[in-house]
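The data block below is query-v9.pdb; it holds PDB, C-alpha atoms.
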ATOM      1  CA  MET N   1      -3.777 -16.477 -53.488
ATOM      2  CA  LYS N   2      -4.917 -14.365 -50.593
ATOM      3  CA  TRP N   3      -6.502 -17.372 -48.887
ATOM      4  CA  LEU N   4      -3.225 -19.318 -49.215
ATOM      5  CA  THR N   5      -1.365 -16.546 -47.381
ATOM      6  CA  MET N   6      -3.987 -16.485 -44.620
ATOM      7  CA  LEU N   7      -3.877 -20.263 -44.318
ATOM      8  CA  SER N   8      -0.079 -20.216 -44.096
ATOM      9  CA  LEU N   9      -0.096 -17.508 -41.420
ATOM     10  CA  SER N  10      -2.791 -19.339 -39.431
ATOM     11  CA  LEU N  11      -0.868 -22.592 -39.635
ATOM     12  CA  ALA N  12       2.342 -20.832 -38.531
ATOM     13  CA  LEU N  13       0.533 -19.305 -35.535
ATOM     14  CA  VAL N  14      -0.952 -22.657 -34.529
ATOM     15  CA  ILE N  15       2.446 -24.361 -34.733
ATOM     16  CA  ALA N  16       4.094 -21.535 -32.758
ATOM     17  CA  GLY N  17       1.378 -21.803 -30.107
ATOM     18  CA  LEU N  18       1.887 -25.560 -29.809
ATOM     19  CA  VAL N  19       5.652 -25.121 -29.459
ATOM     20  CA  ILE N  20       5.190 -22.534 -26.716
ATOM     21  CA  ALA N  21       2.648 -24.741 -24.948
ATOM     22  CA  GLU N  22       5.085 -27.659 -25.084
ATOM     23  CA  GLU N  23       7.678 -25.673 -23.157
ATOM     24  CA  ARG N  24       6.963 -26.716 -19.627
ATOM     25  CA  ARG N  25       6.931 -23.976 -17.047
ATOM     26  CA  ASP N  26       7.920 -25.334 -13.673
ATOM     27  CA  ASP N  27       7.859 -22.387 -11.312
ATOM     28  CA  SER N  28       8.996 -22.882  -7.759
ATOM     29  CA  ALA N  29       6.218 -23.539  -5.297
ATOM     30  CA  PRO N  30       5.535 -20.991  -2.558
ATOM     31  CA  ASP N  31       7.350 -21.944   0.639
ATOM     32  CA  GLY N  32       4.699 -22.768   3.198
ATOM     33  CA  LEU N  33       4.849 -25.365   5.922
ATOM     34  CA  ARG N  34       6.509 -27.808   3.525
ATOM     35  CA  PRO N  35       9.198 -25.724   1.728
ATOM     36  CA  GLY N  36      10.900 -26.573  -1.553
ATOM     37  CA  GLY N  37       9.831 -28.160  -4.788
ATOM     38  CA  THR N  38       8.059 -26.822  -7.825
ATOM     39  CA  LEU N  39       4.434 -26.535  -8.839
ATOM     40  CA  SER N  40       4.520 -29.772 -10.817
ATOM     41  CA  GLN N  41       6.351 -31.797  -8.144
ATOM     42  CA  SER N  42       4.585 -33.775  -5.479
ATOM     43  CA  LEU N  43       6.930 -34.015  -2.503
ATOM     44  CA  PRO N  44       6.469 -36.644   0.206
ATOM     45  CA  ALA N  45       4.908 -35.529   3.467
ATOM     46  CA  PRO N  46       7.184 -35.262   6.485
ATOM     47  CA  PRO N  47       7.111 -38.309   8.755
ATOM     48  CA  LEU N  48       4.511 -38.447  11.498
ATOM     49  CA  ALA N  49       5.681 -37.502  14.963
ATOM     50  CA  GLY N  50       6.495 -40.258  17.393
ATOM     51  CA  GLU N  51       4.004 -41.814  19.744
ATOM     52  CA  PRO N  52       2.784 -39.633  22.596
ATOM     53  CA  ARG N  53       5.126 -39.101  25.505
ATOM     54  CA  ASP N  54       4.169 -40.892  28.675
ATOM     55  CA  ALA N  55       4.472 -37.800  30.855
ATOM     56  CA  GLY N  56       1.088 -37.797  32.535
ATOM     57  CA  ARG N  57      -0.988 -34.654  32.666
ATOM     58  CA  GLU N  58       0.776 -31.458  31.655
ATOM     59  CA  VAL N  59       0.492 -28.078  33.360
ATOM     60  CA  LEU N  60      -1.826 -25.705  31.490
ATOM     61  CA  ASN N  61      -0.330 -22.432  30.253
ATOM     62  CA  TYR N  62      -3.482 -20.296  30.326
ATOM     63  CA  PRO N  63      -7.069 -20.467  31.597
ATOM     64  CA  GLU N  64      -9.447 -22.580  29.519
ATOM     65  CA  GLN N  65      -6.553 -24.185  27.614
ATOM     66  CA  PRO N  66      -7.623 -27.581  26.280
ATOM     67  CA  PRO N  67      -5.386 -30.183  27.937
ATOM     68  CA  VAL N  68      -3.290 -32.373  25.677
ATOM     69  CA  ILE N  69      -4.104 -36.070  25.452
ATOM     70  CA  PRO N  70      -1.488 -38.113  27.400
ATOM     71  CA  HIS N  71      -2.029 -41.344  25.434
ATOM     72  CA  GLY N  72      -2.243 -42.573  21.859
ATOM     73  CA  ILE N  73      -5.539 -42.132  20.009
ATOM     74  CA  ARG N  74      -4.687 -43.801  16.720
ATOM     75  CA  ASP N  75      -7.693 -45.765  15.444
ATOM     76  CA  TYR N  76     -10.065 -44.056  17.911
ATOM     77  CA  GLN N  77     -13.466 -43.567  16.326
ATOM     78  CA  VAL N  78     -14.750 -40.037  16.896
ATOM     79  CA  ASP N  79     -17.546 -39.263  14.472
ATOM     80  CA  ALA N  80     -21.287 -38.589  14.427
ATOM     81  CA  ARG N  81     -22.034 -42.234  15.310
ATOM     82  CA  ALA N  82     -19.530 -42.857  18.112
ATOM     83  CA  ASN N  83     -16.997 -41.160  20.359
ATOM     84  CA  ARG N  84     -14.400 -43.563  21.760
ATOM     85  CA  CYS N  85     -13.087 -40.890  24.153
ATOM     86  CA  LEU N  86     -16.364 -40.939  26.071
ATOM     87  CA  THR N  87     -15.999 -44.647  26.868
ATOM     88  CA  CYS N  88     -13.516 -43.552  29.572
ATOM     89  CA  HIS N  89     -14.079 -39.817  30.067
ATOM     90  CA  SER N  90     -17.899 -39.649  30.352
ATOM     91  CA  ARG N  91     -19.544 -38.986  33.718
ATOM     92  CA  GLU N  92     -20.697 -42.596  33.892
ATOM     93  CA  HIS N  93     -17.300 -44.220  33.238
ATOM     94  CA  ALA N  94     -14.598 -41.778  34.405
ATOM     95  CA  VAL N  95     -14.249 -43.056  37.989
ATOM     96  CA  GLN N  96     -14.219 -46.708  36.966
ATOM     97  CA  ALA N  97     -11.730 -46.054  34.139
ATOM     98  CA  GLY N  98      -9.482 -43.858  36.309
ATOM     99  CA  ALA N  99      -9.676 -41.093  33.718
ATOM    100  CA  PRO N 100     -10.510 -37.413  34.248
ATOM    101  CA  MET N 101     -14.142 -36.621  33.544
ATOM    102  CA  VAL N 102     -15.025 -34.362  30.640
ATOM    103  CA  SER N 103     -14.957 -30.748  31.843
ATOM    104  CA  ILE N 104     -18.251 -29.227  32.961
ATOM    105  CA  SER N 105     -17.797 -26.638  30.181
ATOM    106  CA  HIS N 106     -18.521 -29.441  27.699
ATOM    107  CA  PHE N 107     -22.064 -29.755  29.083
ATOM    108  CA  ARG N 108     -23.102 -26.239  28.024
ATOM    109  CA  ASP N 109     -24.387 -25.239  24.622
ATOM    110  CA  ARG N 110     -23.455 -22.047  22.794
ATOM    111  CA  HIS N 111     -26.135 -20.163  24.741
ATOM    112  CA  GLN N 112     -24.642 -21.373  28.051
ATOM    113  CA  GLN N 113     -27.628 -23.625  28.765
ATOM    114  CA  VAL N 114     -26.657 -26.640  30.877
ATOM    115  CA  LEU N 115     -27.202 -29.976  29.117
ATOM    116  CA  ALA N 116     -27.465 -33.551  30.429
ATOM    117  CA  ALA N 117     -24.997 -34.862  27.823
ATOM    118  CA  VAL N 118     -21.896 -33.506  26.097
ATOM    119  CA  SER N 119     -22.808 -30.580  23.860
ATOM    120  CA  PRO N 120     -22.701 -31.260  20.106
ATOM    121  CA  ASP N 121     -20.343 -28.246  19.897
ATOM    122  CA  ARG N 122     -17.845 -30.138  22.091
ATOM    123  CA  TYR N 123     -18.433 -33.689  20.866
ATOM    124  CA  PHE N 124     -15.473 -33.914  18.461
ATOM    125  CA  CYS N 125     -12.606 -33.941  20.967
ATOM    126  CA  THR N 126      -9.723 -33.613  18.509
ATOM    127  CA  GLN N 127     -10.881 -30.231  17.248
ATOM    128  CA  CYS N 128      -9.311 -28.829  20.463
ATOM    129  CA  HIS N 129      -7.376 -31.648  22.154
ATOM    130  CA  VAL N 130      -4.264 -33.177  20.586
ATOM    131  CA  PRO N 131      -1.955 -35.983  21.728
ATOM    132  CA  GLN N 132       1.221 -34.784  23.392
ATOM    133  CA  THR N 133       4.153 -35.918  21.312
ATOM    134  CA  ASP N 134       7.840 -35.420  20.646
ATOM    135  CA  ALA N 135       7.215 -33.385  17.469
ATOM    136  CA  SER N 136       9.298 -30.275  16.970
ATOM    137  CA  PRO N 137       7.356 -27.079  16.192
ATOM    138  CA  ILE N 138       6.741 -26.311  12.519
ATOM    139  CA  VAL N 139       6.978 -22.578  13.171
ATOM    140  CA  PRO N 140       8.872 -20.785  15.949
ATOM    141  CA  ASN N 141       6.867 -20.436  19.154
ATOM    142  CA  THR N 142       7.216 -17.251  21.179
ATOM    143  CA  PHE N 143       4.283 -17.931  23.519
ATOM    144  CA  LEU N 144       4.783 -16.834  27.132
ATOM    145  CA  ASN N 145       2.530 -18.084  29.899
ATOM    146  CA  VAL N 146       1.110 -15.632  32.423
ATOM    147  CA  ASP N 147       3.877 -16.300  34.976
ATOM    148  CA  GLN N 148       6.555 -15.478  32.400
ATOM    149  CA  VAL N 149       4.752 -12.284  31.332
ATOM    150  CA  LEU N 150       4.384 -11.124  34.942
ATOM    151  CA  GLY N 151       8.045 -11.967  35.608
ATOM    152  CA  GLU N 152       9.139  -9.863  32.627
ATOM    153  CA  MET N 153       6.931  -6.976  33.759
ATOM    154  CA  LEU N 154       8.442  -7.082  37.258
ATOM    155  CA  GLN N 155      11.934  -7.215  35.784
ATOM    156  CA  GLU N 156      11.196  -4.179  33.590
ATOM    157  CA  GLN N 157       9.819  -2.272  36.589
ATOM    158  CA  ARG N 158      12.936  -3.044  38.639
ATOM    159  CA  GLU N 159      15.202  -1.917  35.825
ATOM    160  CA  GLY N 160      13.137   1.200  35.218
ATOM    161  CA  GLY N 161      13.443   2.366  38.833
ATOM    162  CA  GLY N 162      10.002   1.235  40.016
ATOM    163  CA  GLN N 163       8.055   3.838  38.009
TER     164      GLN N 163
END

Starting from the file, lay out its structure as structure tokens.
Amino acid sequence: MKWLTMLSLSLALVIAGLVIAEERRDDSAPDGLRPGGTLSQSLPAPPLAGEPRDAGREVLNYPEQPPVIPHGIRDYQVDARANRCLTCHSREHAVQAGAPMVSISHFRDRHQQVLAAVSPDRYFCTQCHVPQTDASPIVPNTFLNVDQVLGEMLQEQREGGGQ
């Protein structure tokens, strides 16, 4: 009789566990760059930004800033076997292509030794350079370039009595 009670209790616990497991928990997902949804939902990605603006070369905001790419690069092959960017921007082809040559900084390795070819550290262009586009920022941008910072400092000095 004792074993029948134990079997009944075990069966009741198993059934209760299955019922609890059946209840689907669908907590809300943490709001990151793509807010909304729940953990079990798979929301569609936001649409890709439009094609790059045809604005020519942009002014750099700080020293050593990687310039943005003023043309489309969709379907460009940049991998260990080939780098389509270098067909126009290499030393050999830049003048003929009418494109700016790769910066001299790309011909130095991590120990600042000058190399004859683009450094492997700088070979994958899109790790620093991105196409300029009409995309709106995902997060608010409060960046100030050096001219804006100096202007604010001068303004503060004027307001503070030149101290």

Exercise. Starting from the displayed file, determine the output of the PyMOL selection byres ((chain N and resi 89) around 7) and express the residue list as a ChimeraX atom specification.
Key: /N:85-88,90-91,93-94,99-102

Practice problem: Find the spatial neighbours of N:Val114, counting only C-alpha atoms, within a cut-off of 9 Å - ignore same-chain residues fewer than 6 positions away - and output them as a list in words. | Solution: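 Answer for this query is Ser105, Phe107 and Arg108 of chain N.
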
Self-check item: 7 Å contact set for N:Val130, only C-alpha atoms, chain neighbours under 4 positions out, as an MDAnalysis selection string
Solution: chainID N and resid 68:69 126

Self-check item: Near-N:Arg84 list (12 Å; only C-alpha atoms; drop same-chain fewer than 6 positions) as a ChimeraX atom specification
Solution: /N:73-78,90,93,123-126

Quiz prompt | Point-to-point distance from atom CA of N:Ser28 to atom CA of N:Leu43, Å rounded to tenths | solution = 12.5 Å

Set the distance at 9 Å and use all atoms listed in the file: which residues neighbour stretch 143-154 of chain N once local chain neighbours fewer than 2 positions away are removed? I'd like the list as a CSV table (one decimal) with C-alpha atoms, in the frame of the given file.
chain,number,residue,atom,x,y,z
N,60,LEU,CA,-1.8,-25.7,31.5
N,61,ASN,CA,-0.3,-22.4,30.3
N,62,TYR,CA,-3.5,-20.3,30.3
N,141,ASN,CA,6.9,-20.4,19.2
N,156,GLU,CA,11.2,-4.2,33.6
N,157,GLN,CA,9.8,-2.3,36.6
N,158,ARG,CA,12.9,-3.0,38.6
N,159,GLU,CA,15.2,-1.9,35.8
N,162,GLY,CA,10.0,1.2,40.0

Quiz item: How many Å lie between atom CA of N:Asp134 and atom CA of N:Gly50, rounded to one decimal?
Solution: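 That distance, rounded to one decimal, is 6.0 Å.
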
Exercise. Using atom CA of N:Ala82 and atom CA of N:His106 as the two end points, give the distance in Å to one decimal.
Key: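 Separating atom CA of N:Ala82 from atom CA of N:His106 is a distance of 16.5 Å.
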
Given the block above, output stretch 87-132 of chain N with N, CA and C atoms as a PDB file, in the first residue's frame.
ATOM      1  N   THR N  87      41.979  48.001 -56.139  1.00  0.00           N
ATOM      2  CA  THR N  87      42.044  48.108 -57.601  1.00  0.00           C
ATOM      3  C   THR N  87      42.018  49.568 -58.033  1.00  0.00           C
ATOM      4  N   CYS N  88      41.538  50.465 -57.200  1.00  0.00           N
ATOM      5  CA  CYS N  88      41.552  51.904 -57.499  1.00  0.00           C
ATOM      6  C   CYS N  88      42.445  52.698 -56.550  1.00  0.00           C
ATOM      7  N   HIS N  89      42.545  52.273 -55.290  1.00  0.00           N
ATOM      8  CA  HIS N  89      43.208  53.094 -54.281  1.00  0.00           C
ATOM      9  C   HIS N  89      44.647  52.694 -53.990  1.00  0.00           C
ATOM     10  N   SER N  90      45.189  51.684 -54.673  1.00  0.00           N
ATOM     11  CA  SER N  90      46.587  51.290 -54.447  1.00  0.00           C
ATOM     12  C   SER N  90      47.515  52.336 -55.060  1.00  0.00           C
ATOM     13  N   ARG N  91      48.784  52.303 -54.662  1.00  0.00           N
ATOM     14  CA  ARG N  91      49.763  53.236 -55.224  1.00  0.00           C
ATOM     15  C   ARG N  91      49.828  53.123 -56.736  1.00  0.00           C
ATOM     16  N   GLU N  92      49.744  51.914 -57.249  1.00  0.00           N
ATOM     17  CA  GLU N  92      49.900  51.676 -58.679  1.00  0.00           C
ATOM     18  C   GLU N  92      48.728  52.219 -59.505  1.00  0.00           C
ATOM     19  N   HIS N  93      47.514  52.217 -58.943  1.00  0.00           N
ATOM     20  CA  HIS N  93      46.327  52.528 -59.736  1.00  0.00           C
ATOM     21  C   HIS N  93      45.631  53.827 -59.366  1.00  0.00           C
ATOM     22  N   ALA N  94      45.990  54.477 -58.285  1.00  0.00           N
ATOM     23  CA  ALA N  94      45.248  55.638 -57.789  1.00  0.00           C
ATOM     24  C   ALA N  94      45.203  56.784 -58.792  1.00  0.00           C
ATOM     25  N   VAL N  95      46.332  57.136 -59.398  1.00  0.00           N
ATOM     26  CA  VAL N  95      46.368  58.263 -60.328  1.00  0.00           C
ATOM     27  C   VAL N  95      45.512  57.961 -61.549  1.00  0.00           C
ATOM     28  N   GLN N  96      45.680  56.783 -62.102  1.00  0.00           N
ATOM     29  CA  GLN N  96      44.925  56.394 -63.295  1.00  0.00           C
ATOM     30  C   GLN N  96      43.426  56.322 -63.005  1.00  0.00           C
ATOM     31  N   ALA N  97      43.045  55.857 -61.824  1.00  0.00           N
ATOM     32  CA  ALA N  97      41.635  55.721 -61.467  1.00  0.00           C
ATOM     33  C   ALA N  97      41.029  57.041 -60.995  1.00  0.00           C
ATOM     34  N   GLY N  98      41.869  58.031 -60.678  1.00  0.00           N
ATOM     35  CA  GLY N  98      41.360  59.298 -60.157  1.00  0.00           C
ATOM     36  C   GLY N  98      40.857  59.175 -58.731  1.00  0.00           C
ATOM     37  N   ALA N  99      41.391  58.229 -58.006  1.00  0.00           N
ATOM     38  CA  ALA N  99      40.967  57.977 -56.622  1.00  0.00           C
ATOM     39  C   ALA N  99      42.099  58.357 -55.673  1.00  0.00           C
ATOM     40  N   PRO N 100      41.774  58.753 -54.440  1.00  0.00           N
ATOM     41  CA  PRO N 100      42.852  59.030 -53.483  1.00  0.00           C
ATOM     42  C   PRO N 100      43.612  57.755 -53.140  1.00  0.00           C
ATOM     43  N   MET N 101      44.929  57.893 -53.031  1.00  0.00           N
ATOM     44  CA  MET N 101      45.752  56.737 -52.682  1.00  0.00           C
ATOM     45  C   MET N 101      45.538  56.369 -51.215  1.00  0.00           C
ATOM     46  N   VAL N 102      45.717  55.116 -50.910  1.00  0.00           N
ATOM     47  CA  VAL N 102      45.656  54.646 -49.530  1.00  0.00           C
ATOM     48  C   VAL N 102      46.653  55.462 -48.710  1.00  0.00           C
ATOM     49  N   SER N 103      46.246  55.881 -47.519  1.00  0.00           N
ATOM     50  CA  SER N 103      47.096  56.698 -46.661  1.00  0.00           C
ATOM     51  C   SER N 103      48.415  55.990 -46.350  1.00  0.00           C
ATOM     52  N   ILE N 104      49.459  56.783 -46.180  1.00  0.00           N
ATOM     53  CA  ILE N 104      50.781  56.235 -45.873  1.00  0.00           C
ATOM     54  C   ILE N 104      50.750  55.457 -44.556  1.00  0.00           C
ATOM     55  N   SER N 105      49.814  55.794 -43.668  1.00  0.00           N
ATOM     56  CA  SER N 105      49.708  55.067 -42.391  1.00  0.00           C
ATOM     57  C   SER N 105      49.355  53.601 -42.609  1.00  0.00           C
ATOM     58  N   HIS N 106      48.775  53.273 -43.762  1.00  0.00           N
ATOM     59  CA  HIS N 106      48.403  51.894 -44.056  1.00  0.00           C
ATOM     60  C   HIS N 106      49.599  51.045 -44.483  1.00  0.00           C
ATOM     61  N   PHE N 107      50.752  51.673 -44.664  1.00  0.00           N
ATOM     62  CA  PHE N 107      51.962  50.960 -45.074  1.00  0.00           C
ATOM     63  C   PHE N 107      52.925  50.778 -43.908  1.00  0.00           C
ATOM     64  N   ARG N 108      52.401  50.852 -42.685  1.00  0.00           N
ATOM     65  CA  ARG N 108      53.206  50.606 -41.484  1.00  0.00           C
ATOM     66  C   ARG N 108      52.576  49.468 -40.708  1.00  0.00           C
ATOM     67  N   ASP N 109      53.427  48.613 -40.138  1.00  0.00           N
ATOM     68  CA  ASP N 109      52.888  47.532 -39.322  1.00  0.00           C
ATOM     69  C   ASP N 109      52.694  48.029 -37.889  1.00  0.00           C
ATOM     70  N   ARG N 110      52.308  47.136 -37.008  1.00  0.00           N
ATOM     71  CA  ARG N 110      52.029  47.549 -35.626  1.00  0.00           C
ATOM     72  C   ARG N 110      53.255  48.015 -34.872  1.00  0.00           C
ATOM     73  N   HIS N 111      54.446  47.718 -35.404  1.00  0.00           N
ATOM     74  CA  HIS N 111      55.693  48.180 -34.789  1.00  0.00           C
ATOM     75  C   HIS N 111      56.243  49.411 -35.496  1.00  0.00           C
ATOM     76  N   GLN N 112      55.410  50.028 -36.339  1.00  0.00           N
ATOM     77  CA  GLN N 112      55.740  51.232 -37.097  1.00  0.00           C
ATOM     78  C   GLN N 112      56.849  51.020 -38.124  1.00  0.00           C
ATOM     79  N   GLN N 113      57.060  49.788 -38.545  1.00  0.00           N
ATOM     80  CA  GLN N 113      58.017  49.502 -39.611  1.00  0.00           C
ATOM     81  C   GLN N 113      57.333  49.759 -40.947  1.00  0.00           C
ATOM     82  N   VAL N 114      58.032  50.475 -41.845  1.00  0.00           N
ATOM     83  CA  VAL N 114      57.465  50.795 -43.149  1.00  0.00           C
ATOM     84  C   VAL N 114      57.498  49.555 -44.039  1.00  0.00           C
ATOM     85  N   LEU N 115      56.373  49.301 -44.709  1.00  0.00           N
ATOM     86  CA  LEU N 115      56.225  48.128 -45.573  1.00  0.00           C
ATOM     87  C   LEU N 115      56.079  48.562 -47.028  1.00  0.00           C
ATOM     88  N   ALA N 116      56.337  47.668 -47.958  1.00  0.00           N
ATOM     89  CA  ALA N 116      56.177  47.956 -49.386  1.00  0.00           C
ATOM     90  C   ALA N 116      54.718  47.830 -49.824  1.00  0.00           C
ATOM     91  N   ALA N 117      53.931  47.067 -49.114  1.00  0.00           N
ATOM     92  CA  ALA N 117      52.516  46.864 -49.453  1.00  0.00           C
ATOM     93  C   ALA N 117      51.657  47.237 -48.246  1.00  0.00           C
ATOM     94  N   VAL N 118      50.356  47.281 -48.453  1.00  0.00           N
ATOM     95  CA  VAL N 118      49.426  47.596 -47.368  1.00  0.00           C
ATOM     96  C   VAL N 118      49.594  46.577 -46.249  1.00  0.00           C
ATOM     97  N   SER N 119      49.669  47.069 -45.026  1.00  0.00           N
ATOM     98  CA  SER N 119      49.846  46.210 -43.861  1.00  0.00           C
ATOM     99  C   SER N 119      48.651  45.267 -43.698  1.00  0.00           C
ATOM    100  N   PRO N 120      48.895  44.031 -43.301  1.00  0.00           N
ATOM    101  CA  PRO N 120      47.766  43.120 -43.033  1.00  0.00           C
ATOM    102  C   PRO N 120      46.811  43.675 -41.974  1.00  0.00           C
ATOM    103  N   ASP N 121      47.314  44.517 -41.062  1.00  0.00           N
ATOM    104  CA  ASP N 121      46.451  45.130 -40.047  1.00  0.00           C
ATOM    105  C   ASP N 121      45.456  46.101 -40.670  1.00  0.00           C
ATOM    106  N   ARG N 122      45.772  46.637 -41.844  1.00  0.00           N
ATOM    107  CA  ARG N 122      44.944  47.651 -42.499  1.00  0.00           C
ATOM    108  C   ARG N 122      44.302  47.153 -43.778  1.00  0.00           C
ATOM    109  N   TYR N 123      44.389  45.875 -44.057  1.00  0.00           N
ATOM    110  CA  TYR N 123      43.945  45.317 -45.329  1.00  0.00           C
ATOM    111  C   TYR N 123      42.421  45.291 -45.473  1.00  0.00           C
ATOM    112  N   PHE N 124      41.704  45.087 -44.392  1.00  0.00           N
ATOM    113  CA  PHE N 124      40.244  44.971 -44.446  1.00  0.00           C
ATOM    114  C   PHE N 124      39.632  46.355 -44.217  1.00  0.00           C
ATOM    115  N   CYS N 125      39.426  47.071 -45.302  1.00  0.00           N
ATOM    116  CA  CYS N 125      39.050  48.490 -45.280  1.00  0.00           C
ATOM    117  C   CYS N 125      37.813  48.782 -44.435  1.00  0.00           C
ATOM    118  N   THR N 126      36.804  47.925 -44.525  1.00  0.00           N
ATOM    119  CA  THR N 126      35.528  48.225 -43.871  1.00  0.00           C
ATOM    120  C   THR N 126      35.548  48.004 -42.364  1.00  0.00           C
ATOM    121  N   GLN N 127      36.701  47.642 -41.792  1.00  0.00           N
ATOM    122  CA  GLN N 127      36.742  47.607 -40.333  1.00  0.00           C
ATOM    123  C   GLN N 127      36.869  49.026 -39.772  1.00  0.00           C
ATOM    124  N   CYS N 128      37.257  49.992 -40.620  1.00  0.00           N
ATOM    125  CA  CYS N 128      37.339  51.400 -40.196  1.00  0.00           C
ATOM    126  C   CYS N 128      36.516  52.328 -41.088  1.00  0.00           C
ATOM    127  N   HIS N 129      36.504  52.071 -42.390  1.00  0.00           N
ATOM    128  CA  HIS N 129      35.825  52.945 -43.337  1.00  0.00           C
ATOM    129  C   HIS N 129      34.427  52.411 -43.632  1.00  0.00           C
ATOM    130  N   VAL N 130      33.451  53.330 -43.668  1.00  0.00           N
ATOM    131  CA  VAL N 130      32.074  52.953 -43.970  1.00  0.00           C
ATOM    132  C   VAL N 130      31.538  53.864 -45.066  1.00  0.00           C
ATOM    133  N   PRO N 131      30.577  53.391 -45.851  1.00  0.00           N
ATOM    134  CA  PRO N 131      29.983  54.274 -46.868  1.00  0.00           C
ATOM    135  C   PRO N 131      29.177  55.381 -46.203  1.00  0.00           C
ATOM    136  N   GLN N 132      29.290  56.591 -46.741  1.00  0.00           N
ATOM    137  CA  GLN N 132      28.432  57.663 -46.231  1.00  0.00           C
ATOM    138  C   GLN N 132      27.037  57.424 -46.763  1.00  0.00           C
TER     139      GLN N 132
END
